[in-house]
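Structure file target_12.cif with mmCIF, C-alpha atoms:
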```
data_structure
loop_
_atom_site.label_atom_id
_atom_site.label_comp_id
_atom_site.auth_asym_id
_atom_site.auth_seq_id
_atom_site.Cartn_x
_atom_site.Cartn_y
_atom_site.Cartn_z
CA MET A 27 230.13 152.27 63.43
CA ARG A 28 233.72 153.53 63.59
CA ILE A 29 235.58 152.71 66.81
CA LEU A 30 239.10 153.69 67.85
CA PHE A 31 240.82 152.07 70.82
CA LEU A 32 244.08 153.57 72.12
CA GLY A 33 246.49 151.62 74.33
CA ASP A 34 247.87 152.59 77.74
CA VAL A 35 248.52 156.33 78.02
CA VAL A 36 251.88 156.66 79.80
CA GLY A 37 252.61 159.97 81.50
CA ARG A 38 252.79 163.42 79.98
CA PRO A 39 254.11 162.33 76.54
CA GLY A 40 251.13 160.01 76.10
CA ARG A 41 248.67 162.64 77.28
CA GLN A 42 250.15 165.25 74.95
CA ALA A 43 249.97 162.87 71.99
CA VAL A 44 246.30 162.22 72.72
CA ALA A 45 245.55 165.92 73.16
CA GLU A 46 247.28 166.83 69.90
CA GLU A 47 246.13 163.98 67.67
CA LEU A 48 242.78 162.69 68.88
CA PRO A 49 240.57 165.73 68.16
CA ARG A 50 241.63 165.86 64.51
CA LEU A 51 241.52 162.08 64.11
CA ARG A 52 238.01 162.06 65.54
CA ALA A 53 236.93 164.62 62.93
CA ARG A 54 238.93 163.23 60.01
CA TRP A 55 237.90 159.62 60.52
CA LYS A 56 234.35 160.48 61.61
CA LEU A 57 234.73 158.34 64.72
CA ASP A 58 231.63 157.23 66.59
CA CYS A 59 233.37 155.98 69.72
CA VAL A 60 236.84 156.30 71.24
CA VAL A 61 238.05 154.16 74.16
CA ILE A 62 241.39 154.80 75.87
CA ASN A 63 243.26 152.83 78.51
CA GLY A 64 244.39 155.44 81.03
CA GLU A 65 245.86 153.44 83.90
CA ASN A 66 249.39 154.84 83.47
CA ALA A 67 248.37 158.40 82.64
CA ALA A 68 249.53 160.02 85.91
CA GLY A 69 253.33 159.76 85.79
CA GLY A 70 253.05 156.12 84.76
CA PHE A 71 251.01 155.09 87.81
CA GLY A 72 247.24 155.47 87.90
CA ILE A 73 245.02 158.38 86.94
CA THR A 74 243.82 161.58 88.60
CA GLU A 75 240.47 163.28 88.14
CA ALA A 76 242.08 166.18 86.28
CA ILE A 77 243.77 163.79 83.85
CA CYS A 78 240.58 161.79 83.42
CA ASP A 79 238.76 165.01 82.50
CA GLU A 80 241.63 165.93 80.15
CA LEU A 81 241.35 162.63 78.22
CA LEU A 82 237.58 162.86 78.03
CA GLY A 83 237.90 166.45 76.84
CA ALA A 84 240.29 165.37 74.08
CA GLY A 85 237.63 163.05 72.67
CA ALA A 86 237.55 159.82 74.68
CA ASP A 87 234.10 158.35 75.33
CA ALA A 88 235.32 155.88 77.96
CA ILE A 89 238.56 155.22 79.85
CA THR A 90 239.58 151.76 81.00
CA LEU A 91 242.08 150.95 83.75
CA GLY A 92 244.02 147.92 85.03
CA ASN A 93 246.43 146.92 87.80
CA HIS A 94 247.34 150.57 88.50
CA SER A 95 243.70 151.64 88.84
CA PHE A 96 244.07 153.02 92.34
CA ASP A 97 247.73 154.03 92.51
CA GLN A 98 246.43 157.58 92.81
CA ARG A 99 244.33 157.37 95.94
CA GLU A 100 241.91 160.06 94.78
CA ALA A 101 240.65 157.55 92.19
CA LEU A 102 238.99 155.63 95.02
CA VAL A 103 236.65 158.58 95.41
CA PHE A 104 236.08 160.19 92.02
CA ILE A 105 235.63 156.88 90.16
CA GLU A 106 232.27 156.56 91.92
CA ARG A 107 230.90 159.69 90.25
CA GLN A 108 232.65 159.28 86.89
CA ASP A 109 230.70 156.64 84.98
CA LYS A 110 233.02 156.84 81.96
CA LEU A 111 236.01 155.60 83.98
CA LEU A 112 236.18 151.82 84.37
CA ARG A 113 238.29 149.68 86.68
CA PRO A 114 238.45 145.93 85.89
CA ALA A 115 235.07 144.26 86.33
CA ASN A 116 236.68 141.28 88.09
CA TYR A 117 237.97 143.31 91.03
CA PRO A 118 236.48 141.95 94.29
CA ALA A 119 232.94 142.86 95.24
CA GLY A 120 232.83 146.17 97.07
CA THR A 121 235.67 147.78 95.10
CA PRO A 122 234.74 151.37 94.20
CA GLY A 123 233.64 152.05 90.64
CA ARG A 124 232.30 149.87 87.86
CA GLY A 125 233.72 147.49 85.28
CA ALA A 126 231.35 148.22 82.39
CA THR A 127 229.45 151.17 81.00
CA LEU A 128 227.07 151.85 78.13
CA VAL A 129 228.23 154.79 76.02
CA GLU A 130 225.79 156.62 73.77
CA THR A 131 227.26 158.00 70.54
CA PRO A 132 226.21 161.35 69.03
CA ASP A 133 223.96 159.41 66.63
CA GLY A 134 222.24 157.58 69.47
CA ALA A 135 224.00 154.22 69.08
CA ARG A 136 224.94 152.29 72.23
CA VAL A 137 228.46 150.97 72.86
CA LEU A 138 229.10 148.67 75.79
CA VAL A 139 232.66 149.03 77.10
CA VAL A 140 233.98 146.33 79.45
CA SER A 141 237.25 146.37 81.38
CA VAL A 142 238.74 143.17 82.82
CA MET A 143 242.14 142.05 84.07
CA GLY A 144 243.93 138.78 83.51
CA ARG A 145 245.29 136.54 86.27
CA ILE A 146 248.40 134.93 84.74
CA PHE A 147 251.51 136.72 86.15
CA MET A 148 249.13 139.35 87.56
CA ASP A 149 247.38 140.05 90.85
CA ALA A 150 244.97 137.37 92.03
CA LEU A 151 241.49 138.59 91.09
CA ASP A 152 238.11 137.06 90.36
CA ASP A 153 237.55 135.13 87.14
CA PRO A 154 237.72 137.56 84.17
CA PHE A 155 235.78 135.19 81.92
CA ALA A 156 232.87 135.01 84.37
CA ALA A 157 232.91 138.82 84.66
CA VAL A 158 232.76 139.24 80.88
CA GLU A 159 230.02 136.61 80.63
CA ARG A 160 227.89 138.59 83.06
CA ALA A 161 228.45 141.83 81.15
CA LEU A 162 227.64 140.30 77.76
CA SER A 163 224.58 138.52 79.12
CA ASP A 164 223.27 141.68 80.76
CA CYS A 165 223.81 143.79 77.63
CA PRO A 166 223.97 141.52 74.56
CA LEU A 167 225.23 142.67 71.18
CA GLY A 168 222.45 143.44 68.74
CA ALA A 169 219.85 143.78 71.49
CA ALA A 170 220.91 146.16 74.25
CA ALA A 171 224.17 147.24 72.58
CA ASP A 172 225.02 148.21 69.00
CA ALA A 173 228.72 147.52 69.59
CA ILE A 174 230.80 146.01 72.39
CA VAL A 175 234.46 146.69 73.25
CA VAL A 176 236.32 144.47 75.75
CA ASP A 177 239.68 145.61 77.14
CA MET A 178 241.59 142.59 78.45
CA HIS A 179 244.38 144.02 80.61
CA ALA A 180 246.74 141.09 80.93
CA GLU A 181 250.33 139.92 80.71
CA ALA A 182 249.94 136.57 78.93
CA THR A 183 248.99 136.54 75.24
CA SER A 184 247.46 133.10 75.76
CA GLU A 185 244.96 134.50 78.24
CA LYS A 186 244.18 137.42 75.94
CA GLN A 187 243.66 135.12 72.95
CA ALA A 188 241.44 132.86 75.03
CA MET A 189 239.29 135.89 75.88
CA GLY A 190 239.05 136.68 72.17
CA VAL A 191 237.83 133.17 71.43
CA PHE A 192 235.44 133.33 74.39
CA CYS A 193 233.85 136.54 73.05
CA ASP A 194 233.95 135.70 69.33
CA GLY A 195 230.60 136.47 67.76
CA ARG A 196 229.41 138.32 70.87
CA ALA A 197 231.63 141.43 70.87
CA SER A 198 232.80 143.91 68.27
CA LEU A 199 236.37 144.11 69.58
CA VAL A 200 238.50 142.30 72.14
CA VAL A 201 241.82 144.09 72.61
CA GLY A 202 244.69 143.47 75.00
CA THR A 203 246.49 146.13 77.02
CA HIS A 204 249.19 146.20 79.73
CA THR A 205 252.43 145.18 77.94
CA HIS A 206 252.85 148.57 76.19
CA VAL A 207 254.14 146.81 73.05
CA PRO A 208 251.87 146.82 69.97
CA THR A 209 251.35 143.41 68.41
CA GLY A 210 250.85 142.65 64.72
CA ASP A 211 248.08 140.05 65.06
CA HIS A 212 245.03 142.28 64.55
CA ARG A 213 242.38 140.33 62.68
CA ILE A 214 238.70 139.48 62.51
CA MET A 215 237.99 136.14 64.14
CA PRO A 216 235.67 133.51 62.56
CA GLY A 217 232.62 134.70 64.49
CA GLY A 218 233.12 138.34 63.51
CA THR A 219 234.93 139.78 66.54
CA ALA A 220 237.97 141.96 65.87
CA TYR A 221 240.97 140.99 67.98
CA MET A 222 244.46 142.33 68.83
CA SER A 223 246.72 140.92 71.54
CA ASP A 224 248.05 144.30 72.62
CA ALA A 225 247.23 147.82 71.47
CA GLY A 226 250.61 149.13 72.61
CA MET A 227 250.98 152.41 74.48
CA CYS A 228 250.52 156.09 73.90
CA GLY A 229 253.81 157.51 75.10
CA ASP A 230 257.50 157.97 74.36
CA TYR A 231 258.81 154.81 72.67
CA ASP A 232 262.44 155.90 73.20
CA SER A 233 262.13 154.34 76.64
CA VAL A 234 261.57 151.09 78.50
CA LEU A 235 257.78 150.68 78.34
CA GLY A 236 257.35 154.44 78.58
CA MET A 237 259.80 154.92 81.46
CA ALA A 238 263.12 156.78 81.25
CA LYS A 239 265.69 154.14 80.30
CA ASP A 240 268.42 154.49 82.93
CA GLU A 241 266.62 153.19 86.03
CA PRO A 242 264.92 150.13 84.43
CA LEU A 243 268.26 149.14 82.86
CA ARG A 244 270.09 149.60 86.17
CA ARG A 245 267.55 147.37 87.92
CA PHE A 246 268.17 144.58 85.40
CA LEU A 247 271.93 144.92 85.69
CA GLN A 248 272.32 145.34 89.45
CA LYS A 249 269.17 144.00 91.13
CA THR A 250 269.50 146.52 93.96
CA PRO A 251 267.20 149.26 95.27
CA GLY A 252 267.47 152.52 93.40
CA ALA A 253 265.64 155.55 92.18
CA ARG A 254 261.93 155.85 91.51
CA LEU A 255 260.82 155.09 87.98
CA GLU A 256 260.08 158.23 85.97
CA THR A 257 258.27 158.51 82.67
CA ALA A 258 260.36 159.26 79.60
CA SER A 259 260.17 162.89 78.52
CA GLY A 260 260.45 162.74 74.72
CA PRO A 261 257.63 163.20 72.22
CA GLY A 262 254.85 160.64 72.45
CA ALA A 263 253.24 158.44 69.82
CA LEU A 264 249.73 157.03 69.57
CA SER A 265 249.19 153.30 69.31
CA GLY A 266 245.94 151.38 69.08
CA VAL A 267 243.44 149.70 66.81
CA ALA A 268 240.66 150.90 64.50
CA VAL A 269 237.50 148.87 63.94
CA GLU A 270 234.51 149.36 61.69
CA THR A 271 231.37 147.40 62.51
CA ASP A 272 228.37 146.18 60.54
CA PRO A 273 225.36 148.39 61.39
CA ARG A 274 223.06 145.35 61.42
CA THR A 275 225.06 142.93 63.57
CA GLY A 276 227.55 145.09 65.45
CA LEU A 277 230.31 142.67 64.46
CA ALA A 278 233.56 143.81 62.87
CA VAL A 279 233.93 144.16 59.11
CA ARG A 280 237.30 145.98 59.10
CA VAL A 281 240.22 146.21 61.50
CA ALA A 282 243.59 147.95 61.30
CA ALA A 283 246.45 148.88 63.57
CA VAL A 284 246.99 152.55 64.36
CA ARG A 285 250.50 153.88 65.03
CA ILE A 286 251.16 157.62 64.72
CA GLY A 287 254.25 159.42 65.93
CA PRO A 288 258.00 159.07 66.42
CA HIS A 289 259.99 155.83 66.82
CA LEU A 290 257.30 153.68 65.15
CA ASP A 291 256.52 152.76 61.56
CA GLU A 292 253.35 154.76 61.09
CA THR A 293 250.23 152.94 60.03
CA ARG A 294 246.69 154.21 59.67
CA PRO A 295 243.43 152.54 58.59
CA ALA A 296 243.46 152.76 54.80
CA PHE A 297 239.70 152.28 54.76
CA TRP A 298 239.26 155.63 56.57
CA ASP A 299 242.36 157.67 55.79
#
```

Taking this structure as input, can you express it in the form of structure tokens?
Amino acid sequence: MRILFLGDVVGRPGRQAVAEELPRLRARWKLDCVVINGENAAGGFGITEAICDELLGAGADAITLGNHSFDQREALVFIERQDKLLRPANYPAGTPGRGATLVETPDGARVLVVSVMGRIFMDALDDPFAAVERALSDCPLGAAADAIVVDMHAEATSEKQAMGVFCDGRASLVVGTHTHVPTGDHRIMPGGTAYMSDAGMCGDYDSVLGMAKDEPLRRFLQKTPGARLETASGPGALSGVAVETDPRTGLAVRVAAVRIGPHLDETRPAFWD
């Protein structure tokens, strides 16, 4: 199975990059499943129903979220009827939406997608490891699912790496999101799970984490109240990770970083491209 995961979509530049690139990548690479983190898609803060539909229409099979899940208040309502949109599974009981979903590919394969959020330097939530354990136990790889993707939305690389170790041999891919900076540690772990500490962002990299540079810089220099953060307006780039799985086990056999667009050294999976 061929799986593409794209990191946090930040504002219009990220959405435009997805809309322009993903349909042809899906066809060229013969992708079976595409997962996108969309928690910054609406002006950098949350997601709307129209944007959710836009990303799904561009070729996403599931959209994960994070600490900005409900910055757009309409998400509290439409997330209940959109089973392809996932807020972190370790949000408190009673939070609208779901933290995992089973996606069926065009060929009939089943991909479990799980969204969780870390707790180090983040909001205090329930245990992400317990939430992932429940999801993997309810829908184990090789039995109920042909592949499993876990999005660990977290600040600390230690917590992300620990989740990778925790899932090794039981998931196809564990990938970090949230920091908007792509890491170079993509690899297949000893048990067969592909891992990457952060997929980076889909957005304008001539920025501060996707935001126009002036206001973030002013805040660091002056530490006083100022203007609202606005997304950068230049052309966006795609950033993420590509994984190919074994059809028998669902574990990873190939993994590569994906970076396409301005301000980044482009890299594509040589085993597909």

> Looking at only C-alpha atoms, which of A:Ala180, A:Ala53, A:Ala253, A:Ile77 is the one that sits closest to A:Gly40?
Replying inline: A:Ile77

> Any idea what the distance is between atom CA of A:Ala173 and atom CA of A:Phe155?
Replying inline: 18.8 Å

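This file gives the following result for the PyMOL selection byres ((chain A and resi 86-90) around 6): Val60, Val61, Ile62, Asn63, Gly64, Leu81, Leu82, Gly85, Leu91, Lys110, Leu111, Leu112 and Ser141 of chain A.
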
> Quick one: residues within 8 Å of A:Ile174, all atoms listed in the file counted, chain neighbours fewer than 3 positions away excluded, as a ChimeraX atom specification?
Replying inline: /A:137-140,167,171,196-199,276

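The space separating atom CA of A:Gly287 from atom CA of A:Lys239 comes to 19.1 Å.
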
> Hey, which of A:Arg136, A:Arg280, A:Arg244, A:Arg145 ends up closest to A:Ala169? Count all atoms listed in the file.
Replying inline: A:Arg136

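Nearest residue to A:Val191, choosing from A:Ser223, A:Gln98, A:Thr131, A:Thr271 and counting all atoms listed in the file: A:Ser223.
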
I want to know what sits within 12 Å of A:Asp224, based on all atoms listed in the file, with residues of the same chain fewer than 6 positions away left out; could you give that as a CSV table (one decimal) with C-alpha atoms, in the coordinates of the input?
```csv
chain,number,residue,atom,x,y,z
A,31,PHE,CA,240.8,152.1,70.8
A,32,LEU,CA,244.1,153.6,72.1
A,33,GLY,CA,246.5,151.6,74.3
A,34,ASP,CA,247.9,152.6,77.7
A,63,ASN,CA,243.3,152.8,78.5
A,177,ASP,CA,239.7,145.6,77.1
A,178,MET,CA,241.6,142.6,78.4
A,179,HIS,CA,244.4,144.0,80.6
A,180,ALA,CA,246.7,141.1,80.9
A,181,GLU,CA,250.3,139.9,80.7
A,182,ALA,CA,249.9,136.6,78.9
A,183,THR,CA,249.0,136.5,75.2
A,184,SER,CA,247.5,133.1,75.8
A,185,GLU,CA,245.0,134.5,78.2
A,186,LYS,CA,244.2,137.4,75.9
A,187,GLN,CA,243.7,135.1,73.0
A,190,GLY,CA,239.0,136.7,72.2
A,200,VAL,CA,238.5,142.3,72.1
A,201,VAL,CA,241.8,144.1,72.6
A,202,GLY,CA,244.7,143.5,75.0
A,203,THR,CA,246.5,146.1,77.0
A,204,HIS,CA,249.2,146.2,79.7
A,205,THR,CA,252.4,145.2,77.9
A,206,HIS,CA,252.8,148.6,76.2
A,207,VAL,CA,254.1,146.8,73.0
A,208,PRO,CA,251.9,146.8,70.0
A,209,THR,CA,251.4,143.4,68.4
A,210,GLY,CA,250.8,142.6,64.7
A,211,ASP,CA,248.1,140.0,65.1
A,212,HIS,CA,245.0,142.3,64.6
A,265,SER,CA,249.2,153.3,69.3
A,266,GLY,CA,245.9,151.4,69.1
A,267,VAL,CA,243.4,149.7,66.8
A,283,ALA,CA,246.4,148.9,63.6
A,284,VAL,CA,247.0,152.6,64.4
```

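The closest residue to A:Trp55, picked from A:Ile29, A:Met189, A:Ala84, A:Ala68 and counting all atoms listed in the file, is A:Ile29.
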
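Note that atom CA of A:Phe104 and atom CA of A:Gly125 are 14.6 Å apart.
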
> Applied to this file, what does the PyMOL selection byres ((chain A and resi 298) around 9) return in terms of residues, put as an NGL selection string?
Replying inline: :A and (54-56 or 294-297 or 299)

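For the choices A:Ala119, A:Ala268, A:Ala263, A:Cys165, the atom-to-atom distance to A:Glu47 is smallest for A:Ala263 when using only C-alpha atoms.
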
> Smallest atom-to-atom distance to A:Glu65: which of A:Ala45, A:Leu51, A:Met27, A:Asp97, using only C-alpha atoms?
Replying inline: A:Asp97

Report as AutoDock Vina command-line options the centre and the edge lengths, in Å to one decimal, of the axis-aligned box holding every listed atom of stretch 80-94 of chain A, padded by 8 Å on each side.
```
--center_x 240.7 --center_y 156.7 --center_z 80.6 --size_x 29.2 --size_y 35.5 --size_z 31.8
```

Generate all heavy atoms for stretch 80-91 of chain A and emit them as a compact mmCIF listing (two decimals), in the coordinates of the input.
```
# COMPACT_ATOMS: atom_id res chain seq x y z
N GLU A 80 240.82 165.52 81.30
CA GLU A 80 241.63 165.93 80.15
C GLU A 80 241.46 164.95 78.99
O GLU A 80 241.28 165.35 77.83
CB GLU A 80 243.09 166.00 80.58
CG GLU A 80 244.09 166.34 79.49
CD GLU A 80 245.53 166.25 79.98
OE1 GLU A 80 245.75 166.44 81.19
OE2 GLU A 80 246.42 165.99 79.16
N LEU A 81 241.50 163.64 79.28
CA LEU A 81 241.35 162.63 78.22
C LEU A 81 239.94 162.63 77.65
O LEU A 81 239.75 162.49 76.44
CB LEU A 81 241.72 161.25 78.77
CG LEU A 81 243.18 161.06 79.20
CD1 LEU A 81 243.38 159.67 79.80
CD2 LEU A 81 244.13 161.27 78.04
N LEU A 82 238.96 162.78 78.52
CA LEU A 82 237.58 162.86 78.03
C LEU A 82 237.38 164.12 77.19
O LEU A 82 236.72 164.09 76.15
CB LEU A 82 236.60 162.86 79.21
CG LEU A 82 236.53 161.55 80.02
CD1 LEU A 82 235.68 161.76 81.27
CD2 LEU A 82 235.95 160.41 79.17
N GLY A 83 238.00 165.22 77.59
CA GLY A 83 237.90 166.45 76.84
C GLY A 83 238.57 166.38 75.49
O GLY A 83 238.16 167.09 74.55
N ALA A 84 239.59 165.53 75.37
CA ALA A 84 240.29 165.37 74.08
C ALA A 84 239.50 164.53 73.10
O ALA A 84 239.82 164.51 71.90
CB ALA A 84 241.66 164.74 74.31
N GLY A 85 238.46 163.82 73.59
CA GLY A 85 237.63 163.05 72.67
C GLY A 85 237.37 161.61 73.05
O GLY A 85 236.74 160.88 72.31
N ALA A 86 237.84 161.19 74.24
CA ALA A 86 237.55 159.82 74.68
C ALA A 86 236.10 159.72 75.16
O ALA A 86 235.58 160.64 75.80
CB ALA A 86 238.48 159.42 75.81
N ASP A 87 235.46 158.61 74.85
CA ASP A 87 234.10 158.35 75.33
C ASP A 87 234.11 157.48 76.58
O ASP A 87 233.13 157.48 77.35
CB ASP A 87 233.28 157.65 74.24
CG ASP A 87 233.07 158.54 73.04
OD1 ASP A 87 232.38 159.56 73.17
OD2 ASP A 87 233.62 158.23 71.96
N ALA A 88 235.17 156.71 76.77
CA ALA A 88 235.32 155.88 77.96
C ALA A 88 236.81 155.64 78.19
O ALA A 88 237.60 155.63 77.24
CB ALA A 88 234.59 154.56 77.81
N ILE A 89 237.17 155.46 79.46
CA ILE A 89 238.56 155.22 79.85
C ILE A 89 238.60 153.95 80.69
O ILE A 89 237.91 153.84 81.70
CB ILE A 89 239.13 156.40 80.65
CG1 ILE A 89 239.07 157.69 79.82
CG2 ILE A 89 240.56 156.11 81.10
CD1 ILE A 89 239.39 158.93 80.62
N THR A 90 239.41 153.00 80.26
CA THR A 90 239.58 151.76 81.00
C THR A 90 240.86 151.83 81.85
O THR A 90 241.76 152.63 81.57
CB THR A 90 239.65 150.55 80.06
OG1 THR A 90 240.69 150.78 79.08
CG2 THR A 90 238.33 150.37 79.33
N LEU A 91 240.93 150.97 82.85
CA LEU A 91 242.08 150.95 83.75
C LEU A 91 242.65 149.53 83.82
O LEU A 91 242.44 148.73 82.95
CB LEU A 91 241.67 151.47 85.13
CG LEU A 91 241.18 152.94 85.16
CD1 LEU A 91 240.60 153.29 86.53
CD2 LEU A 91 242.31 153.89 84.80
```
